[in-house]
file entry.txt (compact mmCIF, C-alpha atoms and all ligand atoms)
# COMPACT_ATOMS: atom_id res chain seq x y z
CA GLY G 1 29.05 47.19 5.92
CA ASN G 2 29.27 43.49 5.54
CA VAL G 3 32.92 42.46 5.70
CA ARG G 4 32.06 39.00 4.48
CA GLY G 5 30.84 40.28 1.13
CA ALA G 6 27.48 40.97 -0.46
CA PHE G 7 25.75 37.94 0.95
CA ASP G 8 24.05 38.17 4.35
CA TRP G 9 21.57 36.54 6.72
CA LEU G 10 19.37 39.61 7.19
CA GLY G 11 16.90 38.48 4.56
CA TYR G 12 15.91 35.45 2.52
CA HIS G 13 17.65 35.28 -0.84
CA ARG G 14 16.76 34.28 -4.38
CA LEU G 15 18.36 31.18 -5.85
CA ASN G 16 20.81 33.07 -8.06
CA THR G 17 22.07 35.09 -5.13
CA ILE G 18 22.76 31.86 -3.23
CA TYR G 19 24.45 30.26 -6.24
CA ASN G 20 26.62 33.33 -6.85
CA TRP G 21 27.67 33.28 -3.21
CA LEU G 22 28.50 29.56 -3.39
CA ASP G 23 30.59 30.22 -6.52
CA SER G 24 32.42 33.05 -4.77
CA LEU G 25 33.29 30.74 -1.86
CA VAL G 26 35.01 28.39 -4.25
CA THR G 27 37.05 31.25 -5.69
CA GLN G 28 37.92 32.72 -2.29
CA HIS G 29 38.70 29.41 -0.56
CA PRO G 30 40.19 27.07 -3.13
CA GLU G 31 42.20 25.20 -0.47
CA ILE G 32 40.27 21.97 -0.15
CA VAL G 33 41.39 19.29 2.28
CA GLU G 34 39.87 15.84 2.07
CA GLY G 35 40.31 12.68 4.06
CA ASN G 36 38.24 13.10 7.19
CA PRO G 37 34.96 11.33 7.98
CA GLY G 38 32.19 13.03 6.02
CA ILE G 39 29.05 14.83 7.14
CA PHE G 40 26.32 15.49 4.57
CA ILE G 41 24.03 18.50 5.08
CA GLU G 42 20.73 18.71 3.18
CA GLY G 43 18.82 22.00 3.00
CA GLY G 44 15.76 23.25 1.19
CA ILE G 45 14.14 20.03 0.01
CA HIS G 46 10.77 21.65 0.70
CA ALA G 47 10.37 24.89 -1.20
CA ARG G 48 8.51 26.98 1.37
CA GLU G 49 10.77 26.16 4.32
CA TRP G 50 12.98 29.21 3.71
CA ILE G 51 14.70 29.07 7.06
CA SER G 52 16.40 25.85 5.95
CA PRO G 53 18.62 27.23 3.14
CA ALA G 54 19.23 30.33 5.27
CA VAL G 55 20.49 28.26 8.22
CA VAL G 56 22.49 25.89 6.02
CA THR G 57 24.29 28.74 4.23
CA TYR G 58 25.00 30.37 7.61
CA ILE G 59 26.50 27.14 8.94
CA LEU G 60 28.60 26.74 5.80
CA ASN G 61 29.90 30.28 6.22
CA GLU G 62 30.77 29.70 9.88
CA LEU G 63 32.54 26.45 9.07
CA ILE G 64 34.79 28.44 6.76
CA LEU G 65 35.23 31.67 8.74
CA SER G 66 34.41 31.16 12.42
CA ASP G 67 37.21 31.59 14.92
CA ASP G 68 35.34 29.87 17.75
CA SER G 69 37.57 26.98 18.80
CA ARG G 70 34.81 24.36 18.99
CA VAL G 71 33.42 25.35 15.61
CA ARG G 72 36.93 25.34 14.11
CA TYR G 73 37.61 21.90 15.57
CA MET G 74 34.35 20.57 14.13
CA ALA G 75 34.98 22.23 10.78
CA GLU G 76 38.43 20.72 10.46
CA SER G 77 37.72 17.26 11.85
CA TYR G 78 35.25 16.36 9.11
CA ASP G 79 34.75 16.65 5.38
CA TRP G 80 31.52 18.55 4.74
CA TYR G 81 29.11 17.92 1.87
CA ILE G 82 26.69 20.83 2.02
CA PHE G 83 23.68 21.36 -0.28
CA PRO G 84 21.62 24.38 0.79
CA VAL G 85 18.84 24.13 -1.85
CA PHE G 86 17.78 20.59 -2.80
CA ASN G 87 14.64 21.84 -4.57
CA PRO G 88 15.75 24.87 -6.60
CA ASP G 89 12.73 25.15 -8.94
CA GLY G 90 10.32 24.92 -6.03
CA TYR G 91 12.34 27.47 -4.06
CA GLU G 92 12.22 30.01 -6.91
CA TYR G 93 8.50 29.39 -7.34
CA THR G 94 7.93 30.33 -3.68
CA HIS G 95 9.69 33.63 -4.40
CA THR G 96 7.86 34.44 -7.63
CA THR G 97 4.41 32.91 -7.46
CA ASN G 98 3.26 30.93 -4.45
CA ARG G 99 5.01 31.45 -1.10
CA LEU G 100 3.57 28.24 0.33
CA TRP G 101 4.58 25.83 -2.44
CA ARG G 102 6.20 22.65 -1.03
CA LYS G 103 6.89 20.27 -3.92
CA THR G 104 8.99 20.15 -7.08
CA ARG G 105 7.58 21.78 -10.24
CA ARG G 106 7.50 18.99 -12.84
CA PRO G 107 4.15 18.61 -14.63
CA THR G 108 2.56 15.36 -13.52
CA GLY G 109 0.60 15.15 -16.75
CA ARG G 110 -2.53 14.89 -14.62
CA GLY G 111 -3.35 18.53 -14.14
CA CYS G 112 -1.09 19.36 -11.21
CA TYR G 113 2.56 20.06 -10.75
CA GLY G 114 5.28 18.44 -8.73
CA ALA G 115 5.89 15.62 -6.32
CA ASP G 116 6.84 15.84 -2.67
CA PRO G 117 10.63 15.42 -2.86
CA ASN G 118 10.61 14.07 0.68
CA ARG G 119 8.26 11.25 -0.32
CA ASN G 120 10.03 10.31 -3.57
CA TRP G 121 13.06 8.29 -2.35
CA ASN G 122 13.30 4.60 -3.05
CA PHE G 123 13.07 3.08 0.42
CA HIS G 124 9.64 1.78 1.45
CA TRP G 125 8.38 4.27 -1.12
CA ALA G 126 4.72 5.31 -0.83
CA GLU G 127 3.98 2.96 2.05
CA GLY G 128 2.44 5.64 4.25
CA GLY G 129 1.97 9.34 4.80
CA VAL G 130 1.38 9.94 1.08
CA SER G 131 -1.52 10.64 -1.26
CA ARG G 132 -1.83 9.21 -4.77
CA ASN G 133 -3.60 12.38 -5.85
CA PRO G 134 -1.05 14.36 -7.92
CA CYS G 135 -2.55 17.59 -6.64
CA SER G 136 -1.74 16.65 -3.04
CA GLU G 137 1.15 18.23 -1.13
CA ILE G 138 2.31 14.74 -0.18
CA TYR G 139 2.12 13.16 -3.64
CA PRO G 140 5.12 10.80 -3.77
CA GLY G 141 5.38 10.83 -7.58
CA ASP G 142 4.29 8.01 -9.87
CA ARG G 143 7.44 6.05 -9.08
CA PRO G 144 10.46 6.35 -6.79
CA PHE G 145 12.99 8.91 -7.99
CA SER G 146 10.59 10.25 -10.61
CA GLU G 147 11.97 13.73 -9.82
CA THR G 148 15.26 14.98 -11.24
CA GLU G 149 16.18 16.51 -7.88
CA THR G 150 15.91 13.30 -5.86
CA ARG G 151 17.30 11.06 -8.59
CA THR G 152 20.43 13.11 -9.19
CA MET G 153 21.06 13.69 -5.48
CA SER G 154 20.64 9.97 -4.81
CA GLN G 155 23.23 9.23 -7.50
CA TYR G 156 25.62 11.73 -5.98
CA ILE G 157 25.08 10.38 -2.48
CA ASP G 158 25.65 6.86 -3.78
CA SER G 159 28.99 7.99 -5.20
CA ILE G 160 30.20 9.35 -1.84
CA GLN G 161 28.33 7.15 0.63
CA THR G 162 31.44 5.27 1.76
CA LYS G 163 32.90 8.62 2.85
CA ILE G 164 30.05 9.83 5.07
CA PHE G 165 29.02 8.69 8.54
CA SER G 166 26.38 11.37 9.05
CA TYR G 167 23.44 12.81 7.14
CA ILE G 168 21.57 15.81 8.55
CA ALA G 169 18.45 17.25 6.86
CA PHE G 170 16.96 20.65 7.64
CA HIS G 171 13.23 21.35 7.43
CA SER G 172 10.83 23.67 9.18
CA TYR G 173 8.83 24.05 11.26
CA SER G 174 8.02 22.48 14.71
CA GLN G 175 11.30 22.59 16.71
CA LEU G 176 12.01 18.89 16.60
CA LEU G 177 15.09 16.75 16.16
CA LEU G 178 13.93 13.64 14.33
CA ILE G 179 15.49 10.18 14.26
CA PRO G 180 14.65 7.62 11.51
CA TYR G 181 12.44 6.04 10.50
CA GLY G 182 9.47 7.83 8.96
CA TYR G 183 7.99 4.80 7.21
CA SER G 184 7.36 2.80 10.37
CA ASN G 185 7.83 3.01 14.09
CA LYS G 186 10.65 0.49 13.77
CA ARG G 187 13.64 1.84 15.67
CA VAL G 188 17.10 2.03 14.14
CA SER G 189 19.70 -0.24 15.76
CA ASN G 190 21.50 2.66 17.47
CA TYR G 191 18.33 4.50 18.48
CA ASP G 192 19.47 4.80 22.10
CA ASP G 193 22.74 6.47 21.07
CA LEU G 194 20.92 8.82 18.68
CA PHE G 195 18.37 9.68 21.34
CA GLN G 196 21.08 10.49 23.90
CA ILE G 197 23.21 12.46 21.45
CA GLY G 198 20.06 14.24 20.32
CA ASN G 199 19.23 15.27 23.86
CA TYR G 200 22.68 16.76 24.39
CA SER G 201 22.22 18.52 21.09
CA ILE G 202 18.84 20.12 21.84
CA ASN G 203 20.03 21.01 25.31
CA ALA G 204 22.95 22.92 23.77
CA LEU G 205 20.49 24.54 21.36
CA SER G 206 18.34 25.80 24.21
CA GLN G 207 21.25 27.40 26.08
CA ARG G 208 21.55 30.46 23.84
CA TYR G 209 17.95 31.77 23.70
CA GLY G 210 15.86 29.19 25.52
CA THR G 211 14.41 27.65 22.35
CA ARG G 212 12.87 24.28 23.21
CA TYR G 213 13.09 21.24 20.95
CA LYS G 214 11.95 17.62 21.31
CA VAL G 215 13.84 14.51 20.13
CA GLY G 216 12.30 11.30 18.86
CA ASN G 217 11.66 9.12 15.86
CA ILE G 218 9.47 10.58 13.11
CA VAL G 219 6.51 8.26 13.51
CA ASP G 220 6.36 8.73 17.28
CA ILE G 221 6.62 12.50 17.35
CA ILE G 222 4.94 13.68 14.13
CA TYR G 223 3.42 11.18 11.72
CA VAL G 224 4.15 8.41 9.23
CA ALA G 225 6.11 9.80 6.27
CA SER G 226 7.61 7.23 3.89
CA GLY G 227 10.01 7.90 1.03
CA GLY G 228 12.02 10.57 2.81
CA SER G 229 15.69 11.23 2.09
CA MET G 230 16.87 10.38 5.60
CA ASP G 231 15.04 7.04 5.57
CA TRP G 232 16.68 6.23 2.23
CA VAL G 233 20.19 7.13 3.39
CA ARG G 234 19.78 5.22 6.63
CA GLY G 235 17.97 2.23 5.15
CA THR G 236 20.15 1.87 2.06
CA TYR G 237 23.64 2.57 3.42
CA ASN G 238 23.22 2.25 7.18
CA ILE G 239 24.78 5.69 7.71
CA PRO G 240 24.80 5.74 11.53
CA VAL G 241 24.37 9.41 12.54
CA THR G 242 21.18 10.57 10.81
CA TYR G 243 18.86 13.34 11.97
CA THR G 244 16.25 15.67 10.54
CA TYR G 245 15.81 19.08 12.12
CA GLU G 246 12.45 20.77 12.07
CA LEU G 247 13.66 24.32 12.70
CA ARG G 248 11.76 27.27 14.21
CA ASP G 249 9.10 28.05 15.03
CA LYS G 250 6.20 26.10 16.54
CA GLY G 251 3.54 27.65 14.35
CA ARG G 252 3.23 31.30 15.27
CA TYR G 253 4.75 32.27 11.93
CA GLY G 254 5.28 28.74 10.63
CA PHE G 255 6.88 28.73 7.19
CA ILE G 256 6.77 32.57 7.05
CA LEU G 257 9.40 32.94 9.75
CA PRO G 258 10.50 36.62 9.92
CA ALA G 259 13.96 37.24 8.49
CA SER G 260 14.96 38.76 11.84
CA GLN G 261 14.94 35.18 13.18
CA ILE G 262 17.44 33.82 10.62
CA ILE G 263 20.60 34.65 12.57
CA PRO G 264 19.27 33.57 16.00
CA THR G 265 17.94 30.32 14.52
CA ALA G 266 21.23 29.69 12.75
CA LYS G 267 23.33 30.39 15.85
CA GLU G 268 21.40 28.08 18.13
CA THR G 269 21.39 25.39 15.44
CA LEU G 270 25.15 25.63 15.03
CA ASP G 271 25.50 25.29 18.83
CA SER G 272 23.44 22.11 18.64
CA LEU G 273 25.58 20.66 15.83
CA VAL G 274 28.78 21.28 17.79
CA ALA G 275 27.33 19.36 20.75
CA MET G 276 25.97 16.66 18.43
CA PHE G 277 29.33 15.83 16.87
CA GLU G 278 31.22 16.10 20.16
CA GLN G 279 28.81 13.61 21.70
CA ALA G 280 28.86 11.38 18.63
CA ALA G 281 32.67 11.25 18.76
CA LYS G 282 32.54 10.28 22.44
CA ARG G 283 30.42 7.31 21.44
CA GLY G 284 32.81 6.20 18.74
CA TYR G 285 31.12 7.71 15.70
O1 LIG P 1 11.64 13.27 7.02
O2 LIG P 1 11.29 15.20 7.87
C1 LIG P 1 10.87 14.11 7.50
C2 LIG P 1 9.42 13.79 7.58
C3 LIG P 1 8.60 14.81 8.26
C4 LIG P 1 8.43 16.10 7.49
C5 LIG P 1 7.70 15.81 6.20
O3 LIG P 1 6.46 15.71 6.17
O4 LIG P 1 8.39 15.64 5.18
C6 LIG P 1 7.70 17.04 8.40
C7 LIG P 1 7.12 18.25 7.77
C8 LIG P 1 8.12 18.93 6.86
O5 LIG P 1 9.07 19.56 7.31
O6 LIG P 1 7.97 18.81 5.66
C9 LIG P 1 6.63 19.19 8.83
C10 LIG P 1 6.05 20.43 8.27
C11 LIG P 1 5.51 21.37 9.34
C12 LIG P 1 4.92 20.11 7.31
O7 LIG P 1 4.93 20.62 6.21
O8 LIG P 1 4.04 19.29 7.65
ZN ZN P 2 9.83 19.87 5.11
call {"tool": "encode", "arguments": {"input": "entry.txt", "output": "C-alpha cells"}}
result
Amino acid sequence: GNVRGAFDWLGYHRLNTIYNWLDSLVTQHPEIVEGNPGIFIEGGIHAREWISPAVVTYILNELILSDDSRVRYMAESYDWYIFPVFNPDGYEYTHTTNRLWRKTRRPTGRGCYGADPNRNWNFHWAEGGVSRNPCSEIYPGDRPFSETETRTMSQYIDSIQTKIFSYIAFHSYSQLLLIPYGYSNKRVSNYDDLFQIGNYSINALSQRYGTRYKVGNIVDIIYVASGGSMDWVRGTYNIPVTYTYELRDKGRYGFILPASQIIPTAKETLDSLVAMFEQAAKRGY
C-alpha cells in the first residue's frame, strides 16, 4: 500500500486528482513557516509534457516528507512557491482528446485554439521563435498576456517577486538545463555563476543513474524562443537564479515518457536541485 495516501508517482494523473492531492496537503500540513528566501517552481506550462507536473509534485512531496538531511536542509532553508500545472485546460485536453497538445485552449477567433503559454509573456514578446499563424504550436497570442494562465500567474509573481531569488521551470524533453535568455543570445550578467552552478547540478543529476544533461543558454543550445516565462521573470525583476529544465528523455519516447520513468526522473532531478542550491548558497545567492 501507499503510506503517503492515494496519490502516487506510478502513473500520470488527471488534473482533479492532482488538485485533490494538493488540497489534502494543506489539510495535513497546515503548519506554514514563512520568512526565508523564496524559490518559485513552475510545472506543466506545456500541456503534453506530462513528466513536468509528475516531477514537480514528487519534489513537493519530498520537500514535505523526506528525511534525507540535505533535502530537509533545502526544504527548510527556503520558502517554496510550487505550481505543478500552469496550463490546466491544456493538460486535461491531453488526457481526453489530443495527447500531443501543447498550448492553452482559448479560441483564437481565427479557427484554431490556444496560444503557446511559453511565448505569451511580456518581455521581448514575439521577437523570435514564434509564428503569427494561430494554428501554429508556437503562436504567441495576439498580444502579450492574452492568456488567462500567463496573465494571472504574472500578477501573482509580481505580488511575491520581492520574496523570491530563484525561478525554476520544468519542461520536457531533451535533458538540458537552460539559462536565460531565449529571446537573444545576450548573456545574463551572472551567466558564469549560473553556468558553474548548473554544471555542479547536472553532475549531481548524473550520479544516480548516469543520465546526461547539457547546460547553456537557450539560444545557444536549442533555438530562439521569445516570450517565455523565465525570460520575463529574469528580464523584469532580475531574479538571479533562473533555470529551465528540459527533463527526460532525448527523444526515444519524447513527450510520451513511460510512467515507469517518473520516479527515476524525479529522484535524479531532486538530486540536481539539492546541488544547485548548495552551490548557489556558496556563491552568495
Ligand atoms: O523557455 O524553455 C524555454 C524555451 C524552450 C522550450 C520552448 O520551446 O518553449 C523548449 C521546448 C519545450 O519544452 O517546450 C522543447 C520541446 C522538446 C519542444 O516542444 O520543442
Ligand atoms: Zn515545453
call {"tool": "residues_near_point", "arguments": {"input": "entry.txt", "point": "(18.6, 34.1, 16.3)", "cutoff": "12 Å", "atoms": "only C-alpha atoms", "output": "count of residues only"}}
result
30
call {"tool": "residues_near_ligand", "arguments": {"input": "entry.txt", "ligand": "ligand ZN 2 (chain P)", "cutoff": "10 Å", "atoms": "all atoms listed in the file", "output": "number ranges by chain"}}
result
G: 43-50, 52, 102-103, 116-118, 169-173, 228, 244-247, 255
call {"tool": "closest_residue", "arguments": {"input": "entry.txt", "among": "G:Asp142, G:Glu62, G:Glu42, G:Asp193", "to": "ligand LIG 1 (chain P)", "atoms": "only C-alpha atoms and all ligand atoms"}}
result
G:Glu42
call {"tool": "atom_distance", "arguments": {"input": "entry.txt", "atom1": "atom CA of Thr148 of chain G", "atom2": "atom CA of Thr104 of chain G"}}
result
9.1 Å
call {"tool": "residues_around", "arguments": {"input": "entry.txt", "residues": "Ile202 of chain G", "least_positions_apart": "6", "cutoff": "10 Å", "atoms": "all atoms listed in the file", "output": "list in words"}}
result
Gln175, Leu176, Leu177, Thr211, Arg212, Tyr213, Lys214, Val215, Glu268, Thr269, Asp271, Ser272, Leu273, Ala275 and Met276 of chain G
call {"tool": "closest_residue", "arguments": {"input": "entry.txt", "among": "G:Ile157, G:Val274, G:Ile218, G:Leu100", "to": "ligand LIG 1 (chain P)", "atoms": "all atoms listed in the file"}}
result
G:Ile218
call {"tool": "residues_around", "arguments": {"input": "entry.txt", "residues": "Arg14 of chain G", "least_positions_apart": "6", "cutoff": "9 Å", "atoms": "only C-alpha atoms", "output": "PyMOL selection string"}}
result
chain G and resi 91-92+95
call {"tool": "closest_residue", "arguments": {"input": "entry.txt", "among": "G:Tyr253, G:Pro180, G:Asn199, G:Lys186", "to": "ligand LIG 1 (chain P)", "atoms": "all atoms listed in the file"}}
result
G:Pro180
call {"tool": "residues_around", "arguments": {"input": "entry.txt", "residues": "Asn185 of chain G", "least_positions_apart": "4", "cutoff": "8 Å", "atoms": "all atoms listed in the file", "output": "ChimeraX atom specification"}}
result
/G:181,217-220
call {"tool": "closest_residue", "arguments": {"input": "entry.txt", "among": "G:Arg110, G:Val33, G:Ser146, G:Tyr223", "to": "Pro134 of chain G", "atoms": "only C-alpha atoms"}}
result
G:Arg110
call {"tool": "atom_distance", "arguments": {"input": "entry.txt", "atom1": "atom CA of Met230 of chain G", "atom2": "atom CA of Ser184 of chain G"}}
result
13.1 Å
call {"tool": "residues_around", "arguments": {"input": "entry.txt", "residues": "Phe145 of chain G", "least_positions_apart": "3", "cutoff": "12 Å", "atoms": "only C-alpha atoms", "output": "mmCIF file with C-alpha atoms, in the coordinates of the input"}}
result
data_model
loop_
_atom_site.group_PDB
_atom_site.id
_atom_site.type_symbol
_atom_site.label_atom_id
_atom_site.label_comp_id
_atom_site.auth_asym_id
_atom_site.auth_seq_id
_atom_site.Cartn_x
_atom_site.Cartn_y
_atom_site.Cartn_z
ATOM 1 C CA THR G 104 8.990 20.150 -7.080
ATOM 2 C CA ALA G 115 5.890 15.620 -6.320
ATOM 3 C CA ASP G 116 6.840 15.840 -2.670
ATOM 4 C CA PRO G 117 10.630 15.420 -2.860
ATOM 5 C CA ASN G 118 10.610 14.070 0.680
ATOM 6 C CA ARG G 119 8.260 11.250 -0.320
ATOM 7 C CA ASN G 120 10.030 10.310 -3.570
ATOM 8 C CA TRP G 121 13.060 8.290 -2.350
ATOM 9 C CA ASN G 122 13.300 4.600 -3.050
ATOM 10 C CA PHE G 123 13.070 3.080 0.420
ATOM 11 C CA TRP G 125 8.380 4.270 -1.120
ATOM 12 C CA ALA G 126 4.720 5.310 -0.830
ATOM 13 C CA PRO G 140 5.120 10.800 -3.770
ATOM 14 C CA GLY G 141 5.380 10.830 -7.580
ATOM 15 C CA ASP G 142 4.290 8.010 -9.870
ATOM 16 C CA THR G 148 15.260 14.980 -11.240
ATOM 17 C CA GLU G 149 16.180 16.510 -7.880
ATOM 18 C CA THR G 150 15.910 13.300 -5.860
ATOM 19 C CA ARG G 151 17.300 11.060 -8.590
ATOM 20 C CA THR G 152 20.430 13.110 -9.190
ATOM 21 C CA MET G 153 21.060 13.690 -5.480
ATOM 22 C CA SER G 154 20.640 9.970 -4.810
ATOM 23 C CA GLN G 155 23.230 9.230 -7.500
ATOM 24 C CA GLY G 227 10.010 7.900 1.030
ATOM 25 C CA GLY G 228 12.020 10.570 2.810
ATOM 26 C CA SER G 229 15.690 11.230 2.090
ATOM 27 C CA TRP G 232 16.680 6.230 2.230
#
call {"tool": "atom_distance", "arguments": {"input": "entry.txt", "atom1": "atom CA of Lys163 of chain G", "atom2": "atom CA of Asn36 of chain G"}}
result
8.2 Å
call {"tool": "residues_around", "arguments": {"input": "entry.txt", "residues": "Ala225 of chain G", "least_positions_apart": "3", "cutoff": "7 Å", "atoms": "only C-alpha atoms", "output": "ChimeraX atom specification"}}
result
/G:128-129,182-183,228
call {"tool": "closest_residue", "arguments": {"input": "entry.txt", "among": "G:Lys250, G:His13, G:Lys282, G:Arg187", "to": "Val85 of chain G", "atoms": "all atoms listed in the file"}}
result
G:His13
